[in-house]
Amino acid sequence: NHDYYLLGYSYQRRFISAFWAGDYDSAEIYCRSMLSLPSAKAPLLQSIYTTFYRGLLGFLRHRESQSEEQYGIGLDSIVKIEFWWQFSPTNFESKLFLLKAENEASLLNVDKARLLYEASIKSASDNGRTHEKGLAYEFMGNFLSSVSNDPSGARECMKLAHSCYLQWGAFGKAAILSMKHELNEADVPNTYPSSKHGRHE
């Protein structure tokens, strides 16, 4: 059992790392491997961030493949995060708004999705969760690029996401975003790592 737990923890770390790197294929493989183990129901392996990122990945995969299984994963994450939100709104509000935005995005409710993305961004900003603010901008940008003929809105979201990741101190993530979306120095404001809030997974 101890070996299964360690293996599950290793898969969890790889899942989270792959998610943040934007390597969603690997993230899904690691997540499925983790959940296939007998230790999958251990509290650490059912963590807040595993639930949150798995839900975002589920909605993303649903939009790519129309998989009902993946859509169900996203909805299940909303239910769990909404339950936890009751006990700690400041910790869960931005996560809940972002998951709900991804749900509306999956249903192609553009206006509702946009409002929820903006609500997630505001909540993350108000509560000092710079990494979640960046994530909301990034996912909003991805969605806008898929539904709009005007790329400027999506690009602006990516620039703001990049700025958030620099403030968070996630220079590797910022570099990945910069290369993927061909951001140049003129696109990116001068920002420095925030000393007020530490990094979160």
# chains A, B, ... in the order shown; residues from 1 in each chain; ligands from 1

$ residues_around --residues "Ile81 in chain A" --least-positions-apart "4" --cutoff "8 Å" --atoms "only C-alpha atoms" --output "number ranges by chain"
A: 48, 51-52, 77, 85, 92, 95-96

$ residues_around --residues "range 134-138 of chain A" --least-positions-apart "4" --cutoff "6 Å" --atoms "only C-alpha atoms" --output "ChimeraX atom specification"
/A:121,157-158,161,164

$ write_last_selection --atoms "all heavy atoms" --output "CSV table (one decimal), in the first residue's frame"
chain,number,residue,atom,x,y,z
A,121,ILE,N,-11.3,36.1,-12.8
A,121,ILE,CA,-10.1,37.0,-12.8
A,121,ILE,C,-10.2,38.0,-11.7
A,121,ILE,O,-9.2,38.2,-10.9
A,121,ILE,CB,-10.0,37.7,-14.2
A,121,ILE,CG1,-9.6,36.7,-15.2
A,121,ILE,CG2,-9.0,38.9,-14.1
A,121,ILE,CD1,-9.9,37.2,-16.7
A,157,CYS,N,-5.5,38.6,-23.7
A,157,CYS,CA,-5.7,37.7,-22.6
A,157,CYS,C,-4.3,37.0,-22.3
A,157,CYS,O,-3.9,36.8,-21.2
A,157,CYS,CB,-6.8,36.7,-22.8
A,157,CYS,SG,-8.4,37.3,-22.6
A,158,MET,N,-3.7,36.5,-23.4
A,158,MET,CA,-2.4,35.8,-23.3
A,158,MET,C,-1.3,36.7,-22.7
A,158,MET,O,-0.5,36.3,-21.9
A,158,MET,CB,-2.0,35.2,-24.6
A,158,MET,CG,-2.9,34.1,-25.1
A,158,MET,SD,-3.1,32.8,-23.8
A,158,MET,CE,-4.4,31.8,-24.6
A,161,ALA,N,-2.0,37.0,-19.1
A,161,ALA,CA,-1.7,35.8,-18.4
A,161,ALA,C,-0.2,35.7,-18.2
A,161,ALA,O,0.3,35.3,-17.1
A,161,ALA,CB,-2.2,34.6,-19.2
A,164,CYS,N,0.9,37.8,-15.4
A,164,CYS,CA,0.6,37.2,-14.1
A,164,CYS,C,1.6,36.1,-13.7
A,164,CYS,O,2.0,36.0,-12.6
A,164,CYS,CB,-0.8,36.6,-14.1
A,164,CYS,SG,-2.2,37.8,-14.1

$ select_by_dssp --residues "range 104-165 of chain A" --states "helix (DSSP H, G or I)" --output "VMD selection string"
chain A and resid 104 to 106 110 to 126 130 to 147 152 to 165

$ residues_around --residues "Leu98 in chain A" --least-positions-apart "2" --cutoff "8 Å" --atoms "only C-alpha atoms" --output "CSV table (one decimal) with all heavy atoms, in the first residue's frame"
chain,number,residue,atom,x,y,z
A,94,SER,N,-12.5,31.8,-7.1
A,94,SER,CA,-12.0,31.9,-8.4
A,94,SER,C,-11.9,30.6,-9.2
A,94,SER,O,-12.1,30.5,-10.4
A,94,SER,CB,-10.6,32.6,-8.4
A,94,SER,OG,-9.6,31.8,-7.7
A,95,LYS,N,-11.6,29.5,-8.4
A,95,LYS,CA,-11.6,28.2,-9.1
A,95,LYS,C,-13.0,27.8,-9.6
A,95,LYS,O,-13.2,27.3,-10.7
A,95,LYS,CB,-11.2,27.1,-8.1
A,95,LYS,CG,-9.7,27.3,-7.6
A,95,LYS,CD,-9.4,26.2,-6.5
A,95,LYS,CE,-8.0,26.4,-5.9
A,95,LYS,NZ,-7.9,27.6,-5.1
A,96,LEU,N,-14.0,28.1,-8.7
A,96,LEU,CA,-15.4,27.7,-9.1
A,96,LEU,C,-15.9,28.5,-10.3
A,96,LEU,O,-16.5,28.0,-11.2
A,96,LEU,CB,-16.3,28.0,-7.9
A,96,LEU,CG,-17.8,27.6,-8.1
A,96,LEU,CD1,-17.9,26.1,-8.4
A,96,LEU,CD2,-18.6,28.0,-6.8
A,100,LYS,N,-16.9,27.0,-14.0
A,100,LYS,CA,-18.2,27.3,-14.5
A,100,LYS,C,-18.1,28.0,-15.9
A,100,LYS,O,-18.9,27.8,-16.8
A,100,LYS,CB,-19.0,28.1,-13.5
A,100,LYS,CG,-19.5,27.3,-12.3
A,100,LYS,CD,-20.5,28.2,-11.5
A,100,LYS,CE,-21.1,27.3,-10.4
A,100,LYS,NZ,-22.0,28.1,-9.5
A,101,ALA,N,-17.0,28.8,-16.0
A,101,ALA,CA,-16.8,29.5,-17.3
A,101,ALA,C,-16.5,28.4,-18.4
A,101,ALA,O,-17.0,28.5,-19.5
A,101,ALA,CB,-15.6,30.4,-17.2
A,102,GLU,N,-15.7,27.4,-18.0
A,102,GLU,CA,-15.3,26.4,-18.9
A,102,GLU,C,-16.5,25.5,-19.3
A,102,GLU,O,-16.7,25.0,-20.4
A,102,GLU,CB,-14.2,25.5,-18.3
A,102,GLU,CG,-12.8,26.1,-18.4
A,102,GLU,CD,-12.3,26.3,-19.8
A,102,GLU,OE1,-12.0,25.2,-20.5
A,102,GLU,OE2,-12.2,27.4,-20.3
A,116,LEU,N,-18.2,34.8,-16.6
A,116,LEU,CA,-17.6,34.0,-15.6
A,116,LEU,C,-16.1,34.0,-15.6
A,116,LEU,O,-15.4,33.9,-14.5
A,116,LEU,CB,-18.1,32.5,-15.8
A,116,LEU,CG,-19.6,32.3,-15.3
A,116,LEU,CD1,-20.2,31.1,-15.9
A,116,LEU,CD2,-19.7,32.3,-13.8
A,117,TYR,N,-15.5,34.1,-16.8
A,117,TYR,CA,-14.0,34.2,-16.8
A,117,TYR,C,-13.6,35.5,-16.1
A,117,TYR,O,-12.7,35.5,-15.3
A,117,TYR,CB,-13.5,34.3,-18.3
A,117,TYR,CG,-13.5,33.0,-19.0
A,117,TYR,CD1,-14.2,32.8,-20.2
A,117,TYR,CD2,-12.7,31.9,-18.5
A,117,TYR,CE1,-14.1,31.6,-20.9
A,117,TYR,CE2,-12.6,30.7,-19.2
A,117,TYR,CZ,-13.4,30.6,-20.4
A,117,TYR,OH,-13.3,29.4,-21.1
A,120,SER,N,-13.9,35.2,-12.4
A,120,SER,CA,-12.8,34.4,-11.9
A,120,SER,C,-11.5,35.3,-11.8
A,120,SER,O,-10.8,35.2,-10.8
A,120,SER,CB,-12.5,33.2,-12.8
A,120,SER,OG,-11.4,32.5,-12.3
A,136,ALA,N,-6.9,31.9,-15.5
A,136,ALA,CA,-8.2,32.4,-16.0
A,136,ALA,C,-8.0,33.2,-17.3
A,136,ALA,O,-8.8,33.0,-18.3
A,136,ALA,CB,-9.0,33.2,-15.0

$ residues_around --residues "range 22-29 of chain A" --least-positions-apart "2" --cutoff "12 Å" --atoms "only C-alpha atoms" --output "number ranges by chain"
A: 11-20, 31-36, 50, 53-61, 64, 70, 73, 135, 138-139, 142, 172-177, 179-180

$ atom_distance --atom1 "CA of Tyr165 in chain A" --atom2 "CA of Arg129 in chain A"
10.9 Å

$ residues_around --residues "Asp111 in chain A" --least-positions-apart "5" --cutoff "12 Å" --atoms "only C-alpha atoms" --output "list in words"
Ala101, Glu104, Ala105, Leu116, Tyr117, Glu118, Met140, Phe143, Leu144 and Val147 of chain A

$ write_last_selection --atoms "C-alpha atoms" --output "mmCIF file, in the first residue's frame"
data_model
loop_
_atom_site.group_PDB
_atom_site.id
_atom_site.type_symbol
_atom_site.label_atom_id
_atom_site.label_comp_id
_atom_site.auth_asym_id
_atom_site.auth_seq_id
_atom_site.Cartn_x
_atom_site.Cartn_y
_atom_site.Cartn_z
ATOM 1 C CA ALA A 101 -16.789 29.460 -17.292
ATOM 2 C CA GLU A 104 -20.418 27.523 -20.442
ATOM 3 C CA ALA A 105 -17.598 27.555 -22.996
ATOM 4 C CA LEU A 116 -17.603 33.956 -15.601
ATOM 5 C CA TYR A 117 -14.014 34.228 -16.847
ATOM 6 C CA GLU A 118 -14.043 37.877 -15.808
ATOM 7 C CA MET A 140 -10.297 32.783 -21.561
ATOM 8 C CA PHE A 143 -11.706 30.052 -25.694
ATOM 9 C CA LEU A 144 -11.889 33.439 -27.420
ATOM 10 C CA VAL A 147 -14.947 31.401 -31.241
#

$ atom_distance --atom1 "CA of Leu183 in chain A" --atom2 "CA of Ser125 in chain A"
22.9 Å

$ atom_distance --atom1 "CA of Lys159 in chain A" --atom2 "CA of Ser178 in chain A"
8.4 Å

$ closest_residue --among "A:Lys41, A:His162, A:Arg155, A:Arg114" --to "Thr130 in chain A" --atoms "only C-alpha atoms"
A:His162
